[in-house]
>>> print(open('run-v4.cif').read())   # mmCIF, C-alpha atoms
data_coords
#
loop_
_atom_site.label_atom_id
_atom_site.label_comp_id
_atom_site.auth_asym_id
_atom_site.auth_seq_id
_atom_site.Cartn_x
_atom_site.Cartn_y
_atom_site.Cartn_z
CA MET W 3 21.68 -51.94 32.92
CA LYS W 4 22.32 -49.09 35.37
CA HIS W 5 20.81 -48.72 38.82
CA PHE W 6 20.51 -45.37 40.59
CA GLN W 7 18.95 -44.48 43.93
CA SER W 8 18.49 -41.13 45.59
CA GLU W 9 16.65 -39.63 48.56
CA MET W 10 14.78 -36.37 48.41
CA VAL W 11 13.13 -34.34 51.17
CA PHE W 12 10.20 -32.01 50.51
CA GLN W 13 8.82 -29.50 52.97
CA SER W 14 5.04 -29.49 52.65
CA PRO W 15 3.58 -26.23 54.00
CA ASN W 16 0.09 -27.66 54.61
CA ARG W 17 -2.55 -30.03 53.21
CA GLY W 18 -2.54 -30.04 49.43
CA THR W 19 -0.93 -31.28 46.24
CA TYR W 20 2.58 -30.26 45.21
CA ASN W 21 3.89 -30.89 41.70
CA ILE W 22 7.23 -32.72 41.98
CA THR W 23 7.59 -33.66 38.29
CA ASP W 24 10.46 -31.22 37.63
CA GLU W 25 12.39 -32.41 40.69
CA MET W 26 12.02 -36.03 39.55
CA ASN W 27 13.24 -35.14 36.05
CA LYS W 28 16.30 -33.43 37.58
CA THR W 29 17.05 -36.64 39.48
CA ILE W 30 16.70 -38.67 36.27
CA ILE W 31 19.18 -36.33 34.54
CA GLU W 32 21.56 -36.87 37.48
CA SER W 33 21.19 -40.65 37.05
CA GLU W 34 22.23 -40.41 33.37
CA ILE W 35 19.59 -43.05 32.56
CA GLN W 36 17.87 -42.35 29.24
CA SER W 37 15.46 -45.27 29.04
CA GLY W 38 14.01 -47.36 31.85
CA ILE W 39 11.80 -47.15 34.92
CA CYS W 40 11.59 -44.63 37.76
CA HIS W 41 10.05 -45.83 41.02
CA VAL W 42 9.22 -43.20 43.66
CA PHE W 43 8.27 -44.19 47.23
CA ILE W 44 7.21 -41.87 50.06
CA GLN W 45 8.22 -43.02 53.56
CA HIS W 46 5.16 -41.74 55.37
CA THR W 47 1.68 -42.88 56.37
CA SER W 48 -0.14 -39.55 56.02
CA ALA W 49 1.19 -38.28 52.69
CA SER W 50 1.05 -39.92 49.28
CA LEU W 51 2.04 -39.73 45.62
CA ILE W 52 -0.53 -39.24 42.88
CA ILE W 53 -0.47 -38.85 39.12
CA THR W 54 -3.17 -36.47 37.99
CA GLU W 55 -4.04 -33.40 35.90
CA ASN W 56 -1.12 -30.95 35.72
CA ALA W 57 -2.75 -28.04 33.86
CA ASP W 58 -5.99 -27.18 35.63
CA PRO W 59 -5.62 -26.84 39.43
CA THR W 60 -9.39 -27.17 39.89
CA VAL W 61 -9.01 -30.92 39.27
CA ARG W 62 -6.79 -31.21 42.35
CA GLN W 63 -9.14 -28.96 44.32
CA ASP W 64 -12.07 -31.22 43.36
CA ILE W 65 -10.07 -34.25 44.55
CA GLU W 66 -9.40 -32.50 47.86
CA ASN W 67 -13.05 -31.46 48.22
CA TRP W 68 -14.15 -35.06 47.62
CA LEU W 69 -11.67 -36.37 50.19
CA GLN W 70 -12.81 -33.79 52.75
CA ARG W 71 -16.41 -35.02 52.35
CA THR W 72 -15.39 -38.70 52.31
CA VAL W 73 -12.69 -38.85 55.01
CA LEU W 74 -13.61 -36.48 57.82
CA ASP W 75 -11.07 -34.84 60.09
CA GLY W 76 -11.86 -35.43 63.75
CA ASP W 77 -14.49 -38.11 63.17
CA ILE W 78 -15.74 -39.18 66.62
CA ASN W 79 -15.43 -42.84 65.55
CA TYR W 80 -11.64 -42.59 65.20
CA GLN W 81 -9.69 -43.99 68.14
CA HIS W 82 -6.31 -42.73 66.86
CA ASN W 83 -5.95 -38.95 67.22
CA ASP W 84 -2.56 -38.63 68.95
CA GLU W 85 -1.50 -35.72 66.73
CA GLY W 86 -4.83 -33.95 66.26
CA ASP W 87 -8.04 -34.11 64.25
CA ASP W 88 -6.19 -34.65 60.95
CA ASP W 89 -4.13 -37.58 62.24
CA MET W 90 -6.34 -40.59 61.47
CA SER W 91 -7.92 -38.93 58.44
CA GLY W 92 -4.39 -38.47 57.05
CA HIS W 93 -3.75 -42.20 57.41
CA LEU W 94 -7.05 -43.08 55.71
CA ARG W 95 -6.41 -40.65 52.84
CA CYS W 96 -3.06 -42.36 52.33
CA LEU W 97 -4.80 -45.75 52.03
CA ILE W 98 -7.12 -44.38 49.32
CA THR W 99 -4.22 -42.92 47.32
CA ASP W 100 -0.72 -44.43 46.81
CA THR W 101 2.62 -44.43 48.63
CA SER W 102 4.53 -45.16 45.42
CA GLN W 103 4.44 -44.63 41.68
CA THR W 104 6.32 -46.36 38.86
CA ILE W 105 6.75 -44.34 35.68
CA PRO W 106 8.60 -45.09 32.42
CA VAL W 107 11.70 -43.05 31.63
CA THR W 108 12.13 -42.06 27.98
CA ASN W 109 14.81 -39.71 26.64
CA GLY W 110 15.99 -39.00 30.18
CA ARG W 111 12.60 -37.80 31.49
CA LEU W 112 9.45 -39.18 33.06
CA ASN W 113 7.25 -40.37 30.21
CA LEU W 114 3.99 -38.90 31.50
CA GLY W 115 0.99 -38.03 29.37
CA THR W 116 0.49 -34.47 28.14
CA TRP W 117 -1.81 -33.52 31.01
CA GLN W 118 -0.21 -35.65 33.75
CA GLY W 119 2.00 -34.57 36.61
CA LEU W 120 3.47 -36.35 39.62
CA PHE W 121 2.32 -34.80 42.88
CA LEU W 122 3.17 -35.19 46.52
CA TYR W 123 -0.17 -35.11 48.31
CA GLU W 124 0.10 -33.89 51.90
CA HIS W 125 -2.86 -35.13 53.93
CA ARG W 126 -2.08 -33.32 57.18
CA THR W 127 -2.92 -29.67 57.83
CA SER W 128 0.48 -28.72 59.28
CA ARG W 129 3.98 -28.36 57.89
CA PHE W 130 5.95 -31.61 57.45
CA LYS W 131 9.23 -32.82 55.96
CA ARG W 132 8.45 -35.71 53.61
CA LYS W 133 11.15 -38.13 52.50
CA LEU W 134 11.05 -39.80 49.08
CA ILE W 135 13.19 -42.66 47.80
CA ILE W 136 13.74 -42.54 44.04
CA SER W 137 15.00 -45.69 42.34
CA ILE W 138 15.82 -45.61 38.63
CA GLN W 139 16.83 -48.57 36.47
CA GLY W 140 17.63 -48.62 32.79
CA ASN W 141 20.17 -47.69 30.15
#
>>> encode(input="run-v4.cif", output="structure tokens")
Amino acid sequence: MKHFQSEMVFQSPNRGTYNITDEMNKTIIESEIQSGICHVFIQHTSASLIITENADPTVRQDIENWLQRTVLDGDINYQHNDEGDDDMSGHLRCLITDTSQTIPVTNGRLNLGTWQGLFLYEHRTSRFKRKLIISIQGN
């Protein structure tokens, strides 16, 4: 069994979802692992990783619209707002979503469903560098 670990940094321009499936597949190719597991972890508390629809962007817009209605920026009940109105809401959005994903690797690629993609979900409204740790195990 092989073990491979890599770090990746993404620059998120603003709040939204960014498809990182191709970048993950490039890392799997670099690992030379054909069959196994890929675990991706984001080292942040106001950005997350989601697996969702990769073909129709309105799905991701509907997710964002729901989160905007559910987790309000600048809610007067938040005590933590050191970095602005989107600070605490970014942390809460991260709790609702995930900071890691584990995906099978088959034939040297993420074995996602036809309509699935892996997305970095930036919950803040500014530009941020987001660091991911990718760990791959297999043969």
>>> atom_distance(input="run-v4.cif", atom1="atom CA of Arg62 of chain W", atom2="atom CA of Gln7 of chain W")
29.0 Å
>>> closest_residue(input="run-v4.cif", among="W:Asn113, W:Thr108, W:Gln118, W:Asn83", to="Ile53 of chain W", atoms="all atoms listed in the file")
W:Gln118
>>> residues_around(input="run-v4.cif", residues="Gly110 of chain W", least_positions_apart="6", cutoff="10 Å", atoms="all atoms listed in the file", output="ChimeraX atom specification")
/W:27-38,141
>>> write_last_selection(input="run-v4.cif", atoms="C-alpha atoms", output="PDB file, in the frame of the given file")
ATOM      1  CA  ASN W  27      13.240 -35.140  36.050  1.00  0.00           C
ATOM      2  CA  LYS W  28      16.300 -33.430  37.580  1.00  0.00           C
ATOM      3  CA  THR W  29      17.050 -36.640  39.480  1.00  0.00           C
ATOM      4  CA  ILE W  30      16.700 -38.670  36.270  1.00  0.00           C
ATOM      5  CA  ILE W  31      19.180 -36.330  34.540  1.00  0.00           C
ATOM      6  CA  GLU W  32      21.560 -36.870  37.480  1.00  0.00           C
ATOM      7  CA  SER W  33      21.190 -40.650  37.050  1.00  0.00           C
ATOM      8  CA  GLU W  34      22.230 -40.410  33.370  1.00  0.00           C
ATOM      9  CA  ILE W  35      19.590 -43.050  32.560  1.00  0.00           C
ATOM     10  CA  GLN W  36      17.870 -42.350  29.240  1.00  0.00           C
ATOM     11  CA  SER W  37      15.460 -45.270  29.040  1.00  0.00           C
ATOM     12  CA  GLY W  38      14.010 -47.360  31.850  1.00  0.00           C
ATOM     13  CA  ASN W 141      20.170 -47.690  30.150  1.00  0.00           C
TER      14      ASN W 141
END
>>> closest_atom_pairs(input="run-v4.cif", of="segment 49-85 of chain W", to="segment 93-102 of chain W", cutoff="6 Å", atoms="all atoms listed in the file", output="CSV")
residue,atom,partner,partner_atom,distance
W:Ala49,CA,W:Cys96,CA,5.9
W:Ser50,CA,W:Thr101,CA,4.8
W:Leu51,CA,W:Asp100,CA,5.6
>>> atom_distance(input="run-v4.cif", atom1="atom CA of Leu122 of chain W", atom2="atom CA of Ile44 of chain W")
8.6 Å
>>> atom_distance(input="run-v4.cif", atom1="atom CA of Leu112 of chain W", atom2="atom CA of Arg17 of chain W")
25.2 Å
>>> resolve_selection(input="run-v4.cif", expression="the PyMOL selection byres ((chain W and resi 114) around 12)", output="PyMOL selection string")
chain W and resi 23-24+26-27+39-40+53-56+103-109+111-113+115-120
>>> residues_near_point(input="run-v4.cif", point="(7.4, -44.4, 54.8)", cutoff="9 Å", atoms="only C-alpha atoms", output="list in words")
Phe43, Ile44, Gln45, His46, Thr47, Ala49, Thr101, Arg132, Lys133 and Leu134 of chain W
>>> residues_around(input="run-v4.cif", residues="Ser91 of chain W", least_positions_apart="3", cutoff="6 Å", atoms="only C-alpha atoms", output="number ranges by chain")
W: 73, 75, 88, 94
>>> residues_around(input="run-v4.cif", residues="Ile65 of chain W", least_positions_apart="3", cutoff="10 Å", atoms="all atoms listed in the file", output="PyMOL selection string")
chain W and resi 18-19+54+60-62+68-70
>>> closest_residue(input="run-v4.cif", among="W:Gln81, W:Tyr123, W:Gln63, W:Phe6", to="Asn21 of chain W", atoms="only C-alpha atoms")
W:Tyr123
>>> resolve_selection(input="run-v4.cif", expression="the PyMOL selection byres ((chain W and resi 137) around 8)", output="MDAnalysis selection string")
chainID W and resid 5:8 40:42 135:136 138:139
>>> build_atoms(input="run-v4.cif", residues="segment 116-128 of chain W", atoms="N, CA and C atoms", output="mmCIF file, in the frame of the given file")
data_model
loop_
_atom_site.group_PDB
_atom_site.id
_atom_site.type_symbol
_atom_site.label_atom_id
_atom_site.label_comp_id
_atom_site.auth_asym_id
_atom_site.auth_seq_id
_atom_site.Cartn_x
_atom_site.Cartn_y
_atom_site.Cartn_z
ATOM 1 N N THR W 116 0.489 -35.925 28.313
ATOM 2 C CA THR W 116 0.490 -34.470 28.140
ATOM 3 C C THR W 116 -0.060 -33.734 29.353
ATOM 4 N N TRP W 117 -1.132 -34.226 29.923
ATOM 5 C CA TRP W 117 -1.810 -33.520 31.010
ATOM 6 C C TRP W 117 -1.540 -34.146 32.376
ATOM 7 N N GLN W 118 -0.509 -34.989 32.478
ATOM 8 C CA GLN W 118 -0.210 -35.650 33.750
ATOM 9 C C GLN W 118 0.969 -34.997 34.459
ATOM 10 N N GLY W 119 0.897 -34.998 35.769
ATOM 11 C CA GLY W 119 2.000 -34.570 36.610
ATOM 12 C C GLY W 119 2.085 -35.506 37.803
ATOM 13 N N LEU W 120 3.266 -35.584 38.402
ATOM 14 C CA LEU W 120 3.470 -36.350 39.620
ATOM 15 C C LEU W 120 3.411 -35.381 40.792
ATOM 16 N N PHE W 121 2.559 -35.700 41.758
ATOM 17 C CA PHE W 121 2.320 -34.800 42.880
ATOM 18 C C PHE W 121 2.536 -35.494 44.210
ATOM 19 N N LEU W 122 3.181 -34.798 45.121
ATOM 20 C CA LEU W 122 3.170 -35.190 46.520
ATOM 21 C C LEU W 122 1.857 -34.656 47.077
ATOM 22 N N TYR W 123 1.113 -35.512 47.750
ATOM 23 C CA TYR W 123 -0.170 -35.110 48.310
ATOM 24 C C TYR W 123 -0.057 -35.169 49.832
ATOM 25 N N GLU W 124 0.034 -33.998 50.440
ATOM 26 C CA GLU W 124 0.100 -33.890 51.900
ATOM 27 C C GLU W 124 -1.310 -33.966 52.453
ATOM 28 N N HIS W 125 -1.531 -34.928 53.366
ATOM 29 C CA HIS W 125 -2.860 -35.130 53.930
ATOM 30 C C HIS W 125 -3.040 -34.495 55.299
ATOM 31 N N ARG W 126 -1.988 -33.975 55.872
ATOM 32 C CA ARG W 126 -2.080 -33.320 57.180
ATOM 33 C C ARG W 126 -2.199 -31.812 56.965
ATOM 34 N N THR W 127 -2.683 -31.105 57.975
ATOM 35 C CA THR W 127 -2.920 -29.670 57.830
ATOM 36 C C THR W 127 -1.759 -28.818 58.345
ATOM 37 N N SER W 128 -0.689 -29.446 58.795
ATOM 38 C CA SER W 128 0.480 -28.720 59.280
ATOM 39 C C SER W 128 1.643 -28.896 58.318
#
